[in-house]
Amino acid sequence: MQNDGLYIRVNQVGFLPTDIKTAIVFTNDEIKKNHFNLINTKTNKEIFKGEIKDNRGGWGNYKTHFSIDFSEYNTIGEYQIEVDGVKSFPFTISPNVYNGIVDSLLLYLKVQRCGPTIPLLHEVCHLYDSPRIENDKEFGVVDVTGGWHDAGDYIKFFSTTAYTTYLLLFSYEFDPIKFQTDNDKSGAPDILEEARVGIDWLLRANYADGKFINQVQDMRDHEQGFRMPEDDQLKFDRPAFSGIGKNQIGMFAAVMSLAAKIWKERFNDMDYHNKCLTVAENIYNYRNNVPDVDVVPSGMYQDSRYLGKLALGAIELYNVTKKRSYLSDAVAYADSAQSDYWWSWGDINSLAHYKLAKVYPRFRNYILNNLVSFNYVKANSIFGEGAAFTWGTTNTLLGVALQAILYKKLFRTNEYDSLLIFQRDYILGKNPWGTTFISNIGSVFPKNFHSQISYLNGGYLPGAVSAGPTPEEILKNYNIPRKETRFNKFNSDSVKFYDDVADYVTNEPTIGSNATAIFVFSFFQSKK
């Protein structure tokens, strides 16, 4: 498929017939012919020819990168790109090419389930969370069983659980017709069943009026070595930590308000509706009596912003109650939050701006500010990424795509389709390393995730999203004993990716990244 001289990078899953369709060819040698061929894999015949042009310059160890475009070809089938006798990995053009990816992504969240929640690839675990609250010992025992392990370890966090739960609910609300699959015949769509895992844990984490558990287990978790969660040496010693801030109040109110709305509309479950709405309104009333952000004892997922989250909580409360005071709060908070020019579990202002834009269209301009910035980065990058590399690059790029989808829905415009599609394609193989960043998706994908459950199951981890390429400026601060080298020659001096089980920076999956991916890839799947 490849040789040491020339490489073709293309989305390994494929394209919808109407998609922008591009690939990157790079080499240190001369390209003998200035054209590429599109080959039908079944007949091995050339069915389309296009010009190779637009030398984008060097990246990493390779001097020249050329972009190729075959957007005009839209016939359904399986294909490969051929340049100078080198063929790309196969890909498909079809209206249904993205069906099944969301189902796979949801399976990863099942793997991450904690407590008695019918997990995948491991037994029920951590049934004694938690015997004590380290920084609120006067309160006594609190039950925070359930939820999801955050990543490759067995710690649970309020912030990422709230982020993940909200995005699952938001994805369903955005296009419920695409989320009717009920694989276990539970009577609820799989995505809402998964969201319920997060909702119920967050309800338990609100252990007293005006109080949250923001972390379960401490950093001793990282000192125990690889083990299955049911065999955790610390399963009877998993302390909880109390903490609350305006950031948490906003996300909690958003989750519970949207849950109340969906459970009423979808299931006519007024008891659950009332339960969720009551706690949402109660906690929102504490917002002026708490710090701006909570302090996370481990320092992991330490938030720095709160206005966008309060705006999101307020607009979701308005959407379910129609109380004008919530709408007024949402407007004030969202205007103060402004554009955040980013995406992460802690940078979600566009969600609030999207919801508010349905009431006051001017709020879509905050999303536009982000997209203009992302588009500038994309235009100046060889592979089309719309944001700077970071710890968790894949989640950020997926978040860029998410915001492009929101804007597309609001404006019904194709203006940022290339930004949207280039982020998707980067995740699925159009990147320097020629790998998708999702387990078992595409021809080449990570197989050595930093995940204890994966490692102890022979490397199997369905639907996991790798954290992805990370700046050397970050990596140099961590002494990681890597052994896997298959992608080394595609690393640059400044950005690197390793498919190595020891690498908790570039190759650890997280629940938040999967939640972002679920929204993005649901947009491309056909109606079910």
# chains A, B, ... in the order shown; residues from 1 in each chain; ligands from 1
call {"tool": "closest_atom_pairs", "arguments": {"of": "segment 157-234 of chain A", "to": "segment 323-344 of chain A", "cutoff": "12 Å", "atoms": "only C-alpha atoms", "output": "CSV"}}
result
residue,atom,partner,partner_atom,distance
A:Ser159,CA,A:Ser344,CA,11.4
A:Thr160,CA,A:Ser344,CA,10.1
A:Tyr163,CA,A:Ser344,CA,9.5
A:Thr164,CA,A:Ser344,CA,11.3
call {"tool": "residues_around", "arguments": {"residues": "Phe226 of chain A", "least_positions_apart": "5", "cutoff": "9 Å", "atoms": "only C-alpha atoms", "output": "list in words"}}
result
Asp153, Ser451, Gln452, Ile453, Tyr455 and Leu456 of chain A
call {"tool": "write_last_selection", "arguments": {"atoms": "C-alpha atoms", "output": "CSV table (one decimal), in the first residue's frame"}}
result
chain,number,residue,atom,x,y,z
A,153,ASP,CA,-7.6,4.9,35.2
A,451,SER,CA,-6.3,1.9,29.1
A,452,GLN,CA,-6.0,-0.9,31.7
A,453,ILE,CA,-9.2,-2.6,30.5
A,455,TYR,CA,-4.5,-3.9,27.9
A,456,LEU,CA,-6.0,-6.7,29.9
call {"tool": "closest_residue", "arguments": {"among": "A:Ser526, A:Asn289, A:Thr41, A:Asn488", "to": "Asn61 of chain A", "atoms": "only C-alpha atoms"}}
result
A:Asn488
call {"tool": "select_by_dssp", "arguments": {"residues": "segment 56-249 of chain A", "states": "strand (DSSP E or B)", "output": "MDAnalysis selection string"}}
result
chainID A and resid 59 62 64:69 77:83 86:87 91:93 113 115 125 133 148 156:157 208 211 213:216 240:242
call {"tool": "write_last_selection", "arguments": {"atoms": "C-alpha atoms", "output": "PDB file, in the first residue's frame"}}
result
ATOM      1  CA  TRP A  59       5.980  18.987   7.582  1.00  0.00           C
ATOM      2  CA  TYR A  62       8.957  15.270   4.484  1.00  0.00           C
ATOM      3  CA  THR A  64       6.638  18.436  -0.061  1.00  0.00           C
ATOM      4  CA  HIS A  65       2.932  17.940   0.546  1.00  0.00           C
ATOM      5  CA  PHE A  66       0.418  18.135  -2.295  1.00  0.00           C
ATOM      6  CA  SER A  67      -3.344  18.387  -1.968  1.00  0.00           C
ATOM      7  CA  ILE A  68      -5.635  16.532  -4.340  1.00  0.00           C
ATOM      8  CA  ASP A  69      -9.361  17.069  -4.791  1.00  0.00           C
ATOM      9  CA  GLY A  77     -18.537   2.465  -4.441  1.00  0.00           C
ATOM     10  CA  GLU A  78     -15.212   1.525  -2.851  1.00  0.00           C
ATOM     11  CA  TYR A  79     -12.070   3.233  -4.109  1.00  0.00           C
ATOM     12  CA  GLN A  80      -8.372   3.846  -3.722  1.00  0.00           C
ATOM     13  CA  ILE A  81      -6.238   6.788  -4.806  1.00  0.00           C
ATOM     14  CA  GLU A  82      -3.183   5.883  -6.899  1.00  0.00           C
ATOM     15  CA  VAL A  83      -0.139   8.098  -7.419  1.00  0.00           C
ATOM     16  CA  VAL A  86       1.322   3.809  -4.788  1.00  0.00           C
ATOM     17  CA  LYS A  87      -2.233   3.219  -3.612  1.00  0.00           C
ATOM     18  CA  PHE A  91     -12.427   4.120   1.334  1.00  0.00           C
ATOM     19  CA  THR A  92     -16.116   4.206   0.442  1.00  0.00           C
ATOM     20  CA  ILE A  93     -18.399   6.780  -1.140  1.00  0.00           C
ATOM     21  CA  ARG A 113     -19.115   2.312  33.326  1.00  0.00           C
ATOM     22  CA  GLY A 115     -20.572   0.425  39.756  1.00  0.00           C
ATOM     23  CA  CYS A 125     -16.866  -2.727  40.224  1.00  0.00           C
ATOM     24  CA  ILE A 133     -15.548  12.730  52.100  1.00  0.00           C
ATOM     25  CA  TRP A 148     -18.016   6.402  34.370  1.00  0.00           C
ATOM     26  CA  LYS A 156     -14.257   9.759  38.452  1.00  0.00           C
ATOM     27  CA  PHE A 157     -14.713  13.504  37.978  1.00  0.00           C
ATOM     28  CA  ALA A 208     -26.457  17.833  50.089  1.00  0.00           C
ATOM     29  CA  LYS A 211     -22.735  20.685  47.778  1.00  0.00           C
ATOM     30  CA  ILE A 213     -18.621  15.672  45.034  1.00  0.00           C
ATOM     31  CA  ASN A 214     -16.128  16.765  42.380  1.00  0.00           C
ATOM     32  CA  GLN A 215     -13.764  13.760  42.440  1.00  0.00           C
ATOM     33  CA  VAL A 216     -13.829  10.130  43.553  1.00  0.00           C
ATOM     34  CA  ALA A 240     -14.562  11.433  47.709  1.00  0.00           C
ATOM     35  CA  PHE A 241     -13.813  15.137  47.619  1.00  0.00           C
ATOM     36  CA  SER A 242     -16.282  17.967  47.973  1.00  0.00           C
TER      37      SER A 242
END
call {"tool": "closest_residue", "arguments": {"among": "A:Arg424, A:Lys408, A:His122, A:Lys246", "to": "Ile438 of chain A", "atoms": "only C-alpha atoms"}}
result
A:Arg424
call {"tool": "atom_distance", "arguments": {"atom1": "atom CA of Ile427 of chain A", "atom2": "atom CA of Gly57 of chain A"}}
result
21.4 Å
call {"tool": "atom_distance", "arguments": {"atom1": "atom CA of Ile348 of chain A", "atom2": "atom CA of Asp292 of chain A"}}
result
16.0 Å
call {"tool": "residues_around", "arguments": {"residues": "Thr117 of chain A", "least_positions_apart": "6", "cutoff": "12 Å", "atoms": "only C-alpha atoms", "output": "PDB file with N, CA and C atoms, in the first residue's frame"}}
result
ATOM      1  N   LEU A 109     -18.276   3.995  26.035  1.00  0.00           N
ATOM      2  CA  LEU A 109     -18.821   4.497  27.293  1.00  0.00           C
ATOM      3  C   LEU A 109     -19.316   3.343  28.173  1.00  0.00           C
ATOM      4  N   LYS A 110     -19.803   2.283  27.559  1.00  0.00           N
ATOM      5  CA  LYS A 110     -20.184   1.098  28.342  1.00  0.00           C
ATOM      6  C   LYS A 110     -18.971   0.478  29.031  1.00  0.00           C
ATOM      7  N   VAL A 111     -17.840   0.479  28.333  1.00  0.00           N
ATOM      8  CA  VAL A 111     -16.597  -0.025  28.934  1.00  0.00           C
ATOM      9  C   VAL A 111     -16.219   0.805  30.146  1.00  0.00           C
ATOM     10  N   GLU A 123     -16.336  -6.751  34.952  1.00  0.00           N
ATOM     11  CA  GLU A 123     -17.432  -7.017  35.880  1.00  0.00           C
ATOM     12  C   GLU A 123     -17.842  -5.730  36.591  1.00  0.00           C
ATOM     13  N   VAL A 124     -18.971  -5.806  37.307  1.00  0.00           N
ATOM     14  CA  VAL A 124     -19.353  -4.663  38.136  1.00  0.00           C
ATOM     15  C   VAL A 124     -18.213  -4.373  39.104  1.00  0.00           C
ATOM     16  N   CYS A 125     -18.052  -3.115  39.464  1.00  0.00           N
ATOM     17  CA  CYS A 125     -16.866  -2.727  40.224  1.00  0.00           C
ATOM     18  C   CYS A 125     -17.166  -1.538  41.131  1.00  0.00           C
ATOM     19  N   HIS A 126     -16.260  -1.320  42.068  1.00  0.00           N
ATOM     20  CA  HIS A 126     -16.297  -0.129  42.932  1.00  0.00           C
ATOM     21  C   HIS A 126     -17.694   0.096  43.521  1.00  0.00           C
ATOM     22  N   LEU A 127     -18.199  -0.966  44.163  1.00  0.00           N
ATOM     23  CA  LEU A 127     -19.550  -0.925  44.721  1.00  0.00           C
ATOM     24  C   LEU A 127     -19.614  -0.224  46.073  1.00  0.00           C
ATOM     25  N   THR A 145     -21.614   5.731  43.955  1.00  0.00           N
ATOM     26  CA  THR A 145     -21.414   4.605  43.050  1.00  0.00           C
ATOM     27  C   THR A 145     -21.958   4.955  41.669  1.00  0.00           C
ATOM     28  N   GLY A 146     -21.490   4.198  40.674  1.00  0.00           N
ATOM     29  CA  GLY A 146     -21.981   4.386  39.321  1.00  0.00           C
ATOM     30  C   GLY A 146     -21.154   5.382  38.528  1.00  0.00           C
ATOM     31  N   GLY A 147     -21.737   5.922  37.484  1.00  0.00           N
ATOM     32  CA  GLY A 147     -21.034   6.866  36.614  1.00  0.00           C
ATOM     33  C   GLY A 147     -20.053   6.164  35.705  1.00  0.00           C
ATOM     34  N   TRP A 148     -19.043   6.927  35.270  1.00  0.00           N
ATOM     35  CA  TRP A 148     -18.016   6.402  34.370  1.00  0.00           C
ATOM     36  C   TRP A 148     -16.626   6.672  34.930  1.00  0.00           C
ATOM     37  N   HIS A 149     -15.707   5.716  34.775  1.00  0.00           N
ATOM     38  CA  HIS A 149     -14.291   6.031  34.938  1.00  0.00           C
ATOM     39  C   HIS A 149     -13.935   7.023  33.834  1.00  0.00           C
ATOM     40  N   GLU A 193     -30.077   5.827  27.357  1.00  0.00           N
ATOM     41  CA  GLU A 193     -29.717   4.870  28.401  1.00  0.00           C
ATOM     42  C   GLU A 193     -28.326   5.183  28.938  1.00  0.00           C
ATOM     43  N   GLU A 194     -27.407   5.530  28.033  1.00  0.00           N
ATOM     44  CA  GLU A 194     -26.052   5.878  28.468  1.00  0.00           C
ATOM     45  C   GLU A 194     -26.064   7.195  29.230  1.00  0.00           C
ATOM     46  N   ALA A 195     -26.833   8.162  28.756  1.00  0.00           N
ATOM     47  CA  ALA A 195     -26.920   9.439  29.457  1.00  0.00           C
ATOM     48  C   ALA A 195     -27.443   9.251  30.876  1.00  0.00           C
ATOM     49  N   ARG A 196     -28.341   8.308  31.052  1.00  0.00           N
ATOM     50  CA  ARG A 196     -28.914   8.063  32.381  1.00  0.00           C
ATOM     51  C   ARG A 196     -27.838   7.636  33.380  1.00  0.00           C
ATOM     52  N   VAL A 197     -26.811   6.938  32.904  1.00  0.00           N
ATOM     53  CA  VAL A 197     -25.690   6.576  33.773  1.00  0.00           C
ATOM     54  C   VAL A 197     -25.057   7.836  34.357  1.00  0.00           C
ATOM     55  N   GLY A 198     -24.862   8.839  33.505  1.00  0.00           N
ATOM     56  CA  GLY A 198     -24.279  10.095  33.972  1.00  0.00           C
ATOM     57  C   GLY A 198     -25.224  10.903  34.830  1.00  0.00           C
ATOM     58  N   ASP A 200     -27.758   9.933  36.730  1.00  0.00           N
ATOM     59  CA  ASP A 200     -27.964   9.359  38.063  1.00  0.00           C
ATOM     60  C   ASP A 200     -26.739   9.546  38.954  1.00  0.00           C
ATOM     61  N   TRP A 201     -25.541   9.472  38.362  1.00  0.00           N
ATOM     62  CA  TRP A 201     -24.342   9.712  39.177  1.00  0.00           C
ATOM     63  C   TRP A 201     -24.275  11.175  39.613  1.00  0.00           C
TER      64      TRP A 201
END
call {"tool": "residues_around", "arguments": {"residues": "Leu351 of chain A", "least_positions_apart": "5", "cutoff": "9 Å", "atoms": "only C-alpha atoms", "output": "list in words"}}
result
Gly308, Lys309, Leu312, Leu356, Ile367, Gln403 and Leu406 of chain A
call {"tool": "write_last_selection", "arguments": {"atoms": "N, CA, C and O atoms", "output": "mmCIF file, in the first residue's frame"}}
result
data_model
loop_
_atom_site.group_PDB
_atom_site.id
_atom_site.type_symbol
_atom_site.label_atom_id
_atom_site.label_comp_id
_atom_site.auth_asym_id
_atom_site.auth_seq_id
_atom_site.Cartn_x
_atom_site.Cartn_y
_atom_site.Cartn_z
ATOM 1 N N GLY A 308 -19.813 30.856 30.560
ATOM 2 C CA GLY A 308 -20.500 30.100 29.521
ATOM 3 C C GLY A 308 -21.319 28.956 30.096
ATOM 4 O O GLY A 308 -22.395 28.620 29.580
ATOM 5 N N LYS A 309 -20.835 28.375 31.176
ATOM 6 C CA LYS A 309 -21.548 27.260 31.801
ATOM 7 C C LYS A 309 -22.787 27.756 32.533
ATOM 8 O O LYS A 309 -23.847 27.118 32.484
ATOM 9 N N LEU A 312 -25.307 28.413 29.922
ATOM 10 C CA LEU A 312 -25.921 27.177 29.434
ATOM 11 C C LEU A 312 -26.956 26.670 30.428
ATOM 12 O O LEU A 312 -28.059 26.249 30.048
ATOM 13 N N LEU A 356 -29.105 30.095 22.800
ATOM 14 C CA LEU A 356 -29.630 31.456 22.858
ATOM 15 C C LEU A 356 -29.942 32.018 21.479
ATOM 16 O O LEU A 356 -30.865 32.836 21.314
ATOM 17 N N ILE A 367 -20.407 32.324 17.781
ATOM 18 C CA ILE A 367 -19.916 31.086 17.162
ATOM 19 C C ILE A 367 -19.150 31.424 15.893
ATOM 20 O O ILE A 367 -18.098 30.836 15.609
ATOM 21 N N GLN A 403 -18.808 22.938 16.357
ATOM 22 C CA GLN A 403 -19.241 24.329 16.242
ATOM 23 C C GLN A 403 -19.621 24.685 14.798
ATOM 24 O O GLN A 403 -20.545 25.466 14.568
ATOM 25 N N LEU A 406 -23.124 23.443 14.406
ATOM 26 C CA LEU A 406 -24.094 24.341 15.043
ATOM 27 C C LEU A 406 -24.382 25.544 14.154
ATOM 28 O O LEU A 406 -25.536 25.946 13.975
#
call {"tool": "residues_around", "arguments": {"residues": "segment 293-300 of chain A", "least_positions_apart": "6", "cutoff": "6 Å", "atoms": "only C-alpha atoms", "output": "list in words"}}
result
Gly243, Ile244, Gly245, Lys246 and Asn247 of chain A
call {"tool": "write_last_selection", "arguments": {"atoms": "N, CA and C atoms", "output": "PDB file, in the first residue's frame"}}
result
ATOM      1  N   GLY A 243     -16.505  19.833  46.450  1.00  0.00           N
ATOM      2  CA  GLY A 243     -16.117  21.104  45.850  1.00  0.00           C
ATOM      3  C   GLY A 243     -17.246  21.640  44.997  1.00  0.00           C
ATOM      4  N   ILE A 244     -17.416  22.940  44.996  1.00  0.00           N
ATOM      5  CA  ILE A 244     -18.477  23.522  44.194  1.00  0.00           C
ATOM      6  C   ILE A 244     -18.041  24.889  43.691  1.00  0.00           C
ATOM      7  N   GLY A 245     -18.469  25.214  42.486  1.00  0.00           N
ATOM      8  CA  GLY A 245     -18.190  26.516  41.889  1.00  0.00           C
ATOM      9  C   GLY A 245     -19.301  26.863  40.918  1.00  0.00           C
ATOM     10  N   LYS A 246     -19.297  28.084  40.470  1.00  0.00           N
ATOM     11  CA  LYS A 246     -20.292  28.508  39.485  1.00  0.00           C
ATOM     12  C   LYS A 246     -20.214  27.654  38.223  1.00  0.00           C
ATOM     13  N   ASN A 247     -18.995  27.217  37.877  1.00  0.00           N
ATOM     14  CA  ASN A 247     -18.849  26.367  36.692  1.00  0.00           C
ATOM     15  C   ASN A 247     -19.651  25.083  36.830  1.00  0.00           C
TER      16      ASN A 247
END
call {"tool": "residues_around", "arguments": {"residues": "Phe89 of chain A", "least_positions_apart": "3", "cutoff": "12 Å", "atoms": "only C-alpha atoms", "output": "VMD selection string"}}
result
chain A and resid 1 to 2 7 to 14 23 38 to 39 41 78 to 82 86 92 428 to 430 434 to 436 442 to 444
call {"tool": "select_by_dssp", "arguments": {"residues": "segment 218-302 of chain A", "states": "alpha helix (DSSP H)", "output": "VMD selection string"}}
result
chain A and resid 246 to 267 270 to 284
call {"tool": "closest_residue", "arguments": {"among": "A:Val290, A:Val495, A:Ala259, A:Ile155", "to": "Glu473 of chain A", "atoms": "only C-alpha atoms"}}
result
A:Val495
call {"tool": "closest_residue", "arguments": {"among": "A:Lys45, A:Val142, A:Ile441, A:Asn491", "to": "Val97 of chain A", "atoms": "only C-alpha atoms"}}
result
A:Ile441
call {"tool": "atom_distance", "arguments": {"atom1": "atom CA of Phe437 of chain A", "atom2": "atom CA of Tyr108 of chain A"}}
result
13.6 Å
